[in-house]
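Trainee: Quick one: the structure is below, questions incoming.
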Amino acid sequence: FILHIITCVTGFNCKLSRKWNERSTHPGCMATKPDPVLITESANQKRADQQLNFAIFFTTIVVVIFILMAFILNDKIILEEPEEIDYSEWKQVPLKERYKMDLNLTSWRSQLPEKGPHDILPMTEHFVEVDLPASEQDAGYPEDALMHVALWLPSNTEDGEKVPVIATVHPYYDFGTEVDDSNPNTIPDLGVGQWIFEEFISHGYALAQVSTFGSGQSTHCQDVKGLGEQVGIQAAVEWLGTQEWSNGNVGLMGKSYAGTTNWEAAQNPSEHLKTIVPISGSIGVQQMFYRNGSAEARAMGYDLAYEMATADPTTDDLRICSDDLLGPAMPVTTSLAAEFGGADWSDYWEERYHLGDVIDNYDGSVYIVWGMQDWNVDPYHAFPTYQMLRDKGLTVRGIMGQWGHNYPDQGEVHSGLGSGYGQEAYENMSRMDWAIELFNWFEYWLKGIGDETESYVQMQTHDGRWHLEETWPPEDMDWVLHDLSEWSDPTGTVSANSAISIVSPAFEEELHLSGLPTLHLDVQTIGCNGGQIFATLYDETLGLRLGHAVMDIRYRDGGYDAQPVSPLFGSYTMLMEFNPLDVVLPAGHHLSIELTDTGEDYLPSTCAVTGLSVQGGTFGMPLIDRPLDHENWFEVAHYNASAV
């Protein structure tokens with residue numbers, strides 16, 4: 001084809017140069033007899049003919065080169081087209097392609113596409129001796145400190161093959177009175193245990209269920225999330241990693257208290273702890289019950305409640321930790337004497353702040369799971385924790401959907417969400433590919449199989465869409481500040497008897513808020529040395545709740561350091577921050593911020609009767625741009641309620 005082009009183009013120019021034709025043997029030219037008249041042409045004309053002829057010839061060569069390049073590049077593009085994904089090779093299917101897989105979308109939890117080659121050996125029980133420091137010995141009934149472990153191993157392993165352990169640790173085994181106990185740890189629990197039992201043991205993993213001190217058959221007193229409990233958990237992990245059947249790698253996983261124990265294990269970790277999967281597990285006890293100084297109602301009886309819940313007419317009741325005397329008092333001093341250092345009158349809170357030690361001492365990986373509508377352990381525990389761990393150099397992954405205090409794949413449980421509390425995202429919420437996600441995570445961190453896992457956050461918007469971010473809030477997030485004086489009704493009194501609703505103008509373009517919005521309020525005290533504001537953000541057009549923030553004015557700079565407040569017309573700026581949220585406000589809609597003295601789950605202020613006078617302020621919106629065709633959006637394999 002290319003030779004044909006050269007032939008035609010050069011042949012077309014034969015008549016322009018007789019001298020060329022006399023010498024040419026090109027098959028596209030017919031030689032002609034020289035014309036005497038043309039022989040007498042001037043040398044200049046001949047040179048002109050030659051120049052024209054060579055110009056056309058070289059132009060032809062350039063055209064041919066371009067044609068050749070087109071063929072080469074086209075061939076290269078065809079060769080580099082990605083191969084069709086083999087969905088039967090489920091372990092290798094990329095995250096964004098899993099929704100195309102033939103997964104079970106109606107099960108009680110997500111399932112792996114196939115069972116492994118191993119059966120499950122009968123459960124065995126073990127007691128792990130713990131060497132406690134002197135400060136953590138029982139103040140009551142003297143007893144050896146033992147952690148009780150129930151263990152399930154895979155069978156039919158090859159000679160000498162060792163297996164890793166997935167463990168869950170919490171106090172809820174045999175939790176309650178003798179007449180109303182929960183199941184012991186010798187029965188797989190419906191949180192982690194049963195799921196790991198059904199999906200992972202057959203693939204060569206051991207399952208361990210461990211009772212914390214003072215619960216189940218573990219001895220010692222129940223030192224709720226304190227140093228004694230931490231040492232016991234760490235000892236259990238060390239034991240699991242050093243057994244003759246173990247490959248030396250242990251992963252922890254659990255929700256709520258069973259998620260907090262993951263952080264406890266990582267504070268002064270065994271070298272065998274390779275990964276943790278804390279699911280709505282608090283990073284600290286004070287952090288769980290106090291947000292900018294505002295106290296949740298349950299804070300007052302937290303420590304005592306656990307002691308009462310395990311009370312039986314046995315020697316168990318005589319197990320008393322020294323911190324049992326301090327625990328019930330700390331919420332009182334923290335709330336009533338904050339400006340006088342009431343939170344620091346003992347080291348009770350400091351001993352139960354887990355994240356600081358984790359950052360200092362832990363070198364494994366972390367997979368954080370949180371419901372963005374979790375009111376039990378609020379999602380501010382996850383952020384900025386995620387980035388703090390990344391900054392330390394750890395591999396950290398997160399999955400955050402609009403569920404409550406639950407697992408990512410509990411479709412039937414998620415169906416009970418109310419409007420403004422996750423319901424709008426439900427149809428696309430429950431992640432039935434999560435078993436594959438965790439399988440690949442554990443394969444790498446506990447067996448060294450597969451590619452190194454990446455750090456990223458899977459985040460769901462309040463209306464159900466999923467987007468993938470390297471970190472969250474996203475790095476390309478922009479802050480947009482709004483002066484509340486440009487909104488309607490930005491001033492007034494917030495007390496037990498009065499509230500304020502501040503409404504924005506309509507926004508011309510769609511807004512995607514992704515992060516922790518800020519609300520900086522200028523306030524004055526009204527005859528009392530305190531006050532509190534609970535702020536609720538709404539899509540005013542739909543009347544739909546989007547998020548909330550809360551602050552005690554004594555903690556007006558945020559965090560856990562209180563400052564005195566003048567009772568009479570003291571002027572302050574409260575630097576409030578909303579809980580993490582990921583919401584999309586349609587174009588043409590209004591936002592509103594409702595300010596009340598208190599809100600869901602929180603105690604009223606001691607100055608609720610007089611309240612605070614709000615003088616205005618600013619609202620900060622963390623905005624990202626994710627048009628519909630943005631590469632970060634992805635589809636998910638979600639629970640199919642209609643097929644159940």
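By convention here, the chains of the structure tokens are called A, B, ... in the order presented, each chain's residues are numbered starting at 1, and ligands are numbered starting at 1 in the order presented.
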When you look at Thr461 in chain A with a cut-off of 7 Å (counting only C-alpha atoms), what residues show up, excluding the ones that are within fewer than 2 positions of it in the same chain? I need them as a ChimeraX atom specification.

Mentor: /A:459,463-466,582-584

Trainee: Where does DSSP see helix (DSSP H, G or I) in range 364-506 of chain A, if you list the residues as a PyMOL selection string?

Mentor: chain A and resi 379-381+385-392+411-414+423-428+434-447+484-486

Trainee: CA of Ala562 in chain A and CA of Phe383 in chain A, how far apart in Å?

Mentor: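 CA of Ala562 in chain A lies 21.9 Å from CA of Phe383 in chain A.
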
Trainee: Which residue out of A:Gly204, A:Pro473, A:Gly416, A:Gly599 has the minimum interatomic distance to Gly116 in chain A when only C-alpha atoms are used?

Mentor: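 Under the stated criterion, the closest residue is A:Gly204.
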
Trainee: What does the distance between CA of Tyr290 in chain A and CA of Asp552 in chain A come to in Å, to one decimal place?

Mentor: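 Computing it gives 9.7 Å between the two atoms.
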
Trainee: Quick check, in Å to one decimal: how far apart do CA of Met400 in chain A and CA of Arg109 in chain A lie?

Mentor: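 Those two atoms sit 16.8 Å apart.
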
Trainee: Quick one: residues within 8 Å of Leu612 in chain A, only C-alpha atoms, excluding same-chain residues fewer than 2 positions away - as a list in words?

Mentor: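 My reading of the contact set: Thr493, Val494, Ser495, Val523, Gln524, Thr525, Ile526, Gly531, Gln532, Thr610 and Val614 of chain A.
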
Trainee: Pick the closest to Leu481 in chain A from A:Thr618, A:Glu509, A:His590, A:Ile533: which is it, counting only C-alpha atoms?

Mentor: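 The answer is A:Thr618, which sits nearest to Leu481 in chain A.
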
Trainee: So, counting only C-alpha atoms, which residue among A:Gly251, A:Asp119, A:Val130, A:Gly364 is closest to Phe439 in chain A?

Mentor: A:Gly251

Trainee: Please list as a list of chain:residue names every residue within 8 Å of range 85-98 of chain A, counting only C-alpha atoms and excluding residues in the same chain fewer than 3 positions away.

Mentor: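 So, after excluding close chain neighbours, the residues are A:Met101, A:Pro113, A:Asp433, A:Ile436, A:Asn440, A:Phe634, A:Glu635, A:Val636, A:Ala637.
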
Trainee: Go ahead and save the picked residues with N, CA and C atoms, as an mmCIF file, in the first residue's frame.

Mentor:
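Okay, this is what ended up in part-v4.cif:
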data_model
loop_
_atom_site.group_PDB
_atom_site.id
_atom_site.type_symbol
_atom_site.label_atom_id
_atom_site.label_comp_id
_atom_site.auth_asym_id
_atom_site.auth_seq_id
_atom_site.Cartn_x
_atom_site.Cartn_y
_atom_site.Cartn_z
ATOM 1 N N MET A 101 -19.043 -8.553 40.028
ATOM 2 C CA MET A 101 -18.870 -9.955 40.399
ATOM 3 C C MET A 101 -20.205 -10.583 40.809
ATOM 4 N N PRO A 113 -16.313 -15.652 47.802
ATOM 5 C CA PRO A 113 -16.899 -16.404 46.682
ATOM 6 C C PRO A 113 -16.749 -17.913 46.777
ATOM 7 N N ASP A 433 -18.999 -6.683 49.318
ATOM 8 C CA ASP A 433 -17.666 -7.084 48.863
ATOM 9 C C ASP A 433 -16.647 -6.965 49.992
ATOM 10 N N ILE A 436 -14.148 -9.820 50.756
ATOM 11 C CA ILE A 436 -12.992 -9.858 49.849
ATOM 12 C C ILE A 436 -11.968 -8.809 50.261
ATOM 13 N N ASN A 440 -8.137 -9.964 51.407
ATOM 14 C CA ASN A 440 -6.892 -9.515 50.776
ATOM 15 C C ASN A 440 -6.001 -8.778 51.769
ATOM 16 N N PHE A 634 -17.013 5.455 42.392
ATOM 17 C CA PHE A 634 -17.018 4.049 41.998
ATOM 18 C C PHE A 634 -18.309 3.384 42.459
ATOM 19 N N GLU A 635 -18.666 2.319 41.750
ATOM 20 C CA GLU A 635 -19.845 1.537 42.084
ATOM 21 C C GLU A 635 -19.472 0.449 43.097
ATOM 22 N N VAL A 636 -20.446 -0.009 43.871
ATOM 23 C CA VAL A 636 -20.167 -1.036 44.873
ATOM 24 C C VAL A 636 -21.160 -2.190 44.752
ATOM 25 N N ALA A 637 -20.736 -3.334 45.261
ATOM 26 C CA ALA A 637 -21.628 -4.492 45.365
ATOM 27 C C ALA A 637 -22.398 -4.344 46.675
#
